[in-house]
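One structure is given below, encoded as structure tokens.
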Amino acid sequence: MKFSLLLLVPSILLAQSYDLVIRNGKIVDGTGSPWYGADTGIRDGHIAAIGRLDSFAAKQTIDAAGMVVAPGFIDMLGQSEESILVNPHLPSKIYQGITTEITGEGGSAAPLTDAIRAADRAAYEHYRINPSWNTFREFFARLEKQGMGINLASYVGATQVRRAVIGDGDRAPIPAELARMKALVREAMLDGAVGVSTSLQYAPAPYATTEELIALASEGARLGGIYATHMRSEGDTIIPALDEAIRIGREAHVPVEIWHLKAAGRRNWGRMEEIVAHIDRARRSGVEIGADTYAYPAWFNSFSAFIPPWAHDGGDAKLIERLKDPAARARIRKDIETPSTAWDNEWDEIAGPEAILLGVVQNPQLLPLQGKTIAEIAKLWNKDPIDTIFDILIEDNAATQVAVFGMSEPDVRLALQQPWVSVCNDSQGTAPDGLLGREHPHPRAYGTFPRILRKYVREDGALTLPDAIRKFSALPASRLRLADRGVIKTGMWADIVVFDPDRIADLATFEKPNQLAEGMQYVLVNGVPVIEHGSMTNRLPGKVIRGPGWKP
């Protein structure tokens, strides 16, 4: 009998050995609970054990003494569907601790048609991408073949299916076209999309009626998806925009996510309390609605958002034609200079051209202007600021992106503090070198999550560390029904970050954005280190995360 037990001991030890053990860490598990001390054992990409594991064998150990061990951060709105094909390691993401990104803001990687490929040719050429896929199934297969540094999921964009069926025109779909749009949503959900998204400030999205959006969101809801939206207005008419999102949630029977919640424009500073109360009332009425934020006082969007929706009818080529036509140009100028509640007039929302910072351009001749304000460029060109906007759009084929300083810090803070608000980067993954390093992005591309830990947790005390980690992990995972991620718990995928809470910090600024965050000692994606001893390992363990409607 004793002999049999001795034979059994090696097999027990073998069964309880681990690929990696994180020892001596302060576990902040993602639920909002206080930290506790324990080791974390990882096997086959999953968390296999939590407790005292010093007597068990491990192929690799990490000493996390004095450091926090937390779930990997989930970016509720990234924009990496193209940049991940340029640099699959996505350094700007992993140095923040982001292990999973959800992308697809109104536009999405699929469905893709020859007409969309032709219309967007300049963007694909800018990134030297061959858009060889048509469906999400094909796009996801390409990502898996290539490999990627983080996990990635995507919505199917309502704008994308609209463009695939009726193009960029300002008209409603006929019944047969709407049926085709719904079929494309269903196909995308079966291919693994996590829901339906809208970006209703950017043409051709504003041309869609609420009824059209309800039809598409309902199709996604039938296969377990959620509805995420960049609303029609984030400024003067934000309450009616919220009401539309709430109506879509109620009538489509779908959870609603409000992307990058804000009170935009100086006239609206101080309205976040009203906005929060409006969402709280909807939640009490039974609508499952939440939001996210990137917690900076400036947003970053297409420069063409400064142009009224009618001028976008037919797409970017038609917009540029109108900007070159004196009569159409004069009409566009008049609309920009006239306050209106018919569209989010960003020119009317800001203090002046010094509040607009030129970010990413595609025309190489405009690269020296990146990082300058429109006021500075107008002076340099000896032009009126609005004419400067028009001429930049012409020179850059309407592809320019800008930072717009239009939010107040108290509103930003109040939004972040709400228990139903998670965090988004709202930026593509990028890198400080190579093709992506030529761009001048919003600093949130590199700094969102570390900035919250530095500013709002460590310096200001607006959030506790467990609160912040919950907003980065368990909260977004629950919103997206990711039952196997977002919490440090046995059986979960081992997306894990290890960092010193006293050192974690963002370095990116509006003047010098291409700077990686500091303080992440280890970042594990599916149990594999992509950051180790504070340095990138160049491994690509990320997975495509498919939604509940996926059919293999």
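Ligands are numbered from 1 in the order shown, chains are lettered A, B, ... in the order of the structure tokens, and residues start at 1 in each chain.
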
(request) Do a neighbour search on region 76-91 of chain A at 6 Å with only C-alpha atoms, toss out local chain neighbours closer than 5 positions, and write the hits as a list of chain:residue names. (result) A:Glu101, A:Ile102, A:Thr103, A:Met148, A:Gly149, A:Cys424, A:Asn425, A:Asp426, A:Ser427, A:Gln428, A:Gly429, A:Thr430, A:Ala431

Please produce an output containing C-alpha atoms for each residue in the selection, written as a PDB file, in the first residue's frame.
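Output contents, as saved in selection.pdb:
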```
ATOM      1  CA  GLU A 101     -10.276  45.282 -28.004  1.00  0.00           C
ATOM      2  CA  ILE A 102     -13.815  45.654 -29.335  1.00  0.00           C
ATOM      3  CA  THR A 103     -13.888  47.490 -32.651  1.00  0.00           C
ATOM      4  CA  MET A 148      -2.036  39.290 -33.209  1.00  0.00           C
ATOM      5  CA  GLY A 149      -0.799  40.664 -29.926  1.00  0.00           C
ATOM      6  CA  CYS A 424     -12.653  52.906 -24.197  1.00  0.00           C
ATOM      7  CA  ASN A 425      -9.498  53.960 -25.995  1.00  0.00           C
ATOM      8  CA  ASP A 426     -11.407  55.110 -29.100  1.00  0.00           C
ATOM      9  CA  SER A 427      -8.133  54.868 -31.023  1.00  0.00           C
ATOM     10  CA  GLN A 428      -6.497  52.327 -33.250  1.00  0.00           C
ATOM     11  CA  GLY A 429      -3.549  50.385 -31.942  1.00  0.00           C
ATOM     12  CA  THR A 430      -0.379  52.098 -33.057  1.00  0.00           C
ATOM     13  CA  ALA A 431       3.390  52.238 -32.532  1.00  0.00           C
TER      14      ALA A 431
END
```

(message) What's around region 39-48 of chain A at 7 Å? Count only C-alpha atoms, leave out sequence neighbours fewer than 5 positions away in its own chain, and write the answer as JSON, numbers by chain.
(response) {"A": [18, 19, 20, 21, 22, 23, 24, 25, 53, 489, 490, 491, 492, 493, 494, 526, 527]}

(request) Write out as a VMD selection string which residues come within 12 Å of Ser199 (chain A) when counting only C-alpha atoms, dropping same-chain ones fewer than 2 positions away. (result) chain A and resid 77 104 to 108 155 to 160 196 to 197 201 to 208 213 227 to 234 241 245 258 to 260 301 to 302 305

Same residues, N, CA and C atoms, saved as a short mmCIF file (atom, residue, chain, number, x, y, z; two decimals), in the first residue's frame:
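Listing of selection.cif after writing:
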```cif
data_model
loop_
_atom_site.label_atom_id
_atom_site.label_comp_id
_atom_site.auth_asym_id
_atom_site.auth_seq_id
_atom_site.Cartn_x
_atom_site.Cartn_y
_atom_site.Cartn_z
N LEU A 77 -13.96 50.38 -27.11
CA LEU A 77 -14.01 50.87 -28.48
C LEU A 77 -12.60 51.16 -28.95
N GLY A 104 -15.13 48.36 -34.56
CA GLY A 104 -16.24 48.43 -35.51
C GLY A 104 -17.22 49.53 -35.19
N GLU A 105 -16.82 50.81 -35.34
CA GLU A 105 -17.66 51.94 -34.96
C GLU A 105 -18.48 52.44 -36.15
N GLY A 106 -19.65 51.87 -36.36
CA GLY A 106 -20.49 52.30 -37.48
C GLY A 106 -20.01 51.71 -38.79
N GLY A 107 -18.79 52.05 -39.17
CA GLY A 107 -18.08 51.32 -40.21
C GLY A 107 -17.41 50.12 -39.57
N SER A 108 -17.22 49.06 -40.32
CA SER A 108 -16.57 47.87 -39.77
C SER A 108 -15.78 47.20 -40.88
N TYR A 155 -18.04 44.64 -33.79
CA TYR A 155 -19.43 44.84 -34.19
C TYR A 155 -19.52 44.85 -35.70
N VAL A 156 -20.71 44.62 -36.22
CA VAL A 156 -20.99 44.92 -37.62
C VAL A 156 -21.62 46.30 -37.65
N GLY A 157 -21.08 47.18 -38.48
CA GLY A 157 -21.52 48.55 -38.51
C GLY A 157 -22.77 48.74 -39.36
N ALA A 158 -23.75 49.47 -38.83
CA ALA A 158 -24.94 49.80 -39.62
C ALA A 158 -24.56 50.64 -40.84
N THR A 159 -23.57 51.51 -40.68
CA THR A 159 -23.08 52.28 -41.83
C THR A 159 -22.52 51.35 -42.89
N GLN A 160 -21.79 50.33 -42.45
CA GLN A 160 -21.16 49.40 -43.39
C GLN A 160 -22.19 48.66 -44.22
N VAL A 196 -24.50 45.09 -33.25
CA VAL A 196 -24.66 46.10 -34.30
C VAL A 196 -24.24 47.45 -33.74
N SER A 197 -23.54 48.25 -34.55
CA SER A 197 -23.08 49.55 -34.08
C SER A 197 -23.50 50.65 -35.04
N GLN A 201 -23.05 60.53 -36.41
CA GLN A 201 -22.63 61.87 -36.80
C GLN A 201 -21.91 61.89 -38.13
N TYR A 202 -21.54 60.73 -38.65
CA TYR A 202 -20.69 60.67 -39.83
C TYR A 202 -21.46 60.09 -41.02
N ALA A 203 -21.55 60.88 -42.09
CA ALA A 203 -22.26 60.45 -43.29
C ALA A 203 -21.62 59.16 -43.84
N PRO A 204 -22.47 58.25 -44.38
CA PRO A 204 -23.91 58.38 -44.62
C PRO A 204 -24.82 57.96 -43.46
N ALA A 205 -24.23 57.74 -42.26
CA ALA A 205 -25.05 57.26 -41.13
C ALA A 205 -26.21 58.19 -40.76
N PRO A 206 -26.04 59.53 -40.80
CA PRO A 206 -27.18 60.38 -40.40
C PRO A 206 -28.41 60.23 -41.29
N TYR A 207 -28.24 59.63 -42.47
CA TYR A 207 -29.38 59.49 -43.38
C TYR A 207 -30.32 58.37 -42.94
N ALA A 208 -29.89 57.54 -41.98
CA ALA A 208 -30.72 56.42 -41.52
C ALA A 208 -31.76 56.91 -40.53
N LEU A 213 -32.70 51.73 -37.99
CA LEU A 213 -31.75 51.26 -36.97
C LEU A 213 -32.38 50.20 -36.07
N TYR A 227 -26.29 46.58 -28.92
CA TYR A 227 -26.30 47.74 -29.81
C TYR A 227 -25.40 48.81 -29.20
N ALA A 228 -24.36 49.21 -29.93
CA ALA A 228 -23.43 50.24 -29.46
C ALA A 228 -23.52 51.43 -30.40
N THR A 229 -23.45 52.65 -29.84
CA THR A 229 -23.69 53.81 -30.67
C THR A 229 -22.86 55.02 -30.30
N HIS A 230 -22.30 55.63 -31.34
CA HIS A 230 -21.87 57.03 -31.30
C HIS A 230 -23.11 57.80 -31.74
N MET A 231 -23.74 58.48 -30.80
CA MET A 231 -25.09 59.01 -31.03
C MET A 231 -25.10 60.16 -32.04
N ARG A 232 -26.32 60.52 -32.46
CA ARG A 232 -26.47 61.62 -33.43
C ARG A 232 -25.94 62.93 -32.90
N SER A 233 -26.04 63.12 -31.61
CA SER A 233 -25.54 64.36 -31.00
C SER A 233 -24.90 64.05 -29.67
N GLU A 234 -23.79 64.74 -29.41
CA GLU A 234 -23.17 64.71 -28.09
C GLU A 234 -23.13 66.13 -27.52
N ALA A 241 -30.94 62.63 -28.59
CA ALA A 241 -30.10 61.54 -29.10
C ALA A 241 -30.12 60.35 -28.14
N ALA A 245 -31.50 56.37 -28.68
CA ALA A 245 -30.79 55.15 -28.30
C ALA A 245 -31.62 54.30 -27.34
N ILE A 258 -23.50 53.32 -24.92
CA ILE A 258 -23.22 54.66 -25.44
C ILE A 258 -21.71 54.84 -25.46
N TRP A 259 -21.18 54.98 -26.66
CA TRP A 259 -19.73 55.15 -26.77
C TRP A 259 -19.30 56.56 -26.36
N HIS A 260 -18.14 56.64 -25.73
CA HIS A 260 -17.44 57.87 -25.33
C HIS A 260 -18.41 58.97 -24.88
N ASN A 301 -11.69 63.16 -34.14
CA ASN A 301 -12.59 62.62 -35.15
C ASN A 301 -12.19 63.07 -36.54
N SER A 302 -12.97 62.64 -37.51
CA SER A 302 -12.74 63.05 -38.88
C SER A 302 -12.99 64.54 -39.02
N ALA A 305 -16.34 65.96 -40.09
CA ALA A 305 -17.47 66.15 -39.18
C ALA A 305 -17.84 67.63 -39.03
#
```

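Secondary structure from DSSP on the backbone puts helix (DSSP H, G or I) at the following positions of region 68-99 of chain A: Ser83, Ile84, Leu85, Val86, Pro91, Ser92, Lys93 and Ile94 of chain A.
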
(message) Please determine, counting only C-alpha atoms, which residue among A:Thr400, A:Asn363, A:Ser422, A:Gln96 has the shortest atom-to-atom distance to Pro443 (chain A).
(response)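 Among A:Thr400, A:Asn363, A:Ser422, A:Gln96, it is A:Gln96 that comes nearest to Pro443 (chain A).
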
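Note that the spacing between CA of Gly66 (chain A) and CA of Pro419 (chain A) amounts to 27.8 Å.
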
(request) Give the strand (DSSP E) residues of region 174-203 of chain A, as DSSP finds them on the backbone, and put them as a PyMOL selection string. (result) chain A and resi 195-199

(request) Name the closest residue to Ala355 (chain A) among the candidates A:Arg331, A:Thr100, A:Ser304, A:Met407; distances are taken between atoms, counting only C-alpha atoms. (result)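 With only C-alpha atoms as the atom set, the closest residue is A:Met407.
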
(message) When you look at region 448-461 of chain A with a cut-off of 6 Å (counting only C-alpha atoms), what residues show up, excluding the ones that are within fewer than 2 positions of it in the same chain? I need them as a ChimeraX atom specification.
(response) /A:96,294,425,444,463-464,504-506

(request) Between A:Leu516, A:Ala109, A:Ala282, A:Ala172, single out the one closest to Ser132 (chain A), counting only C-alpha atoms. (result) A:Ala109
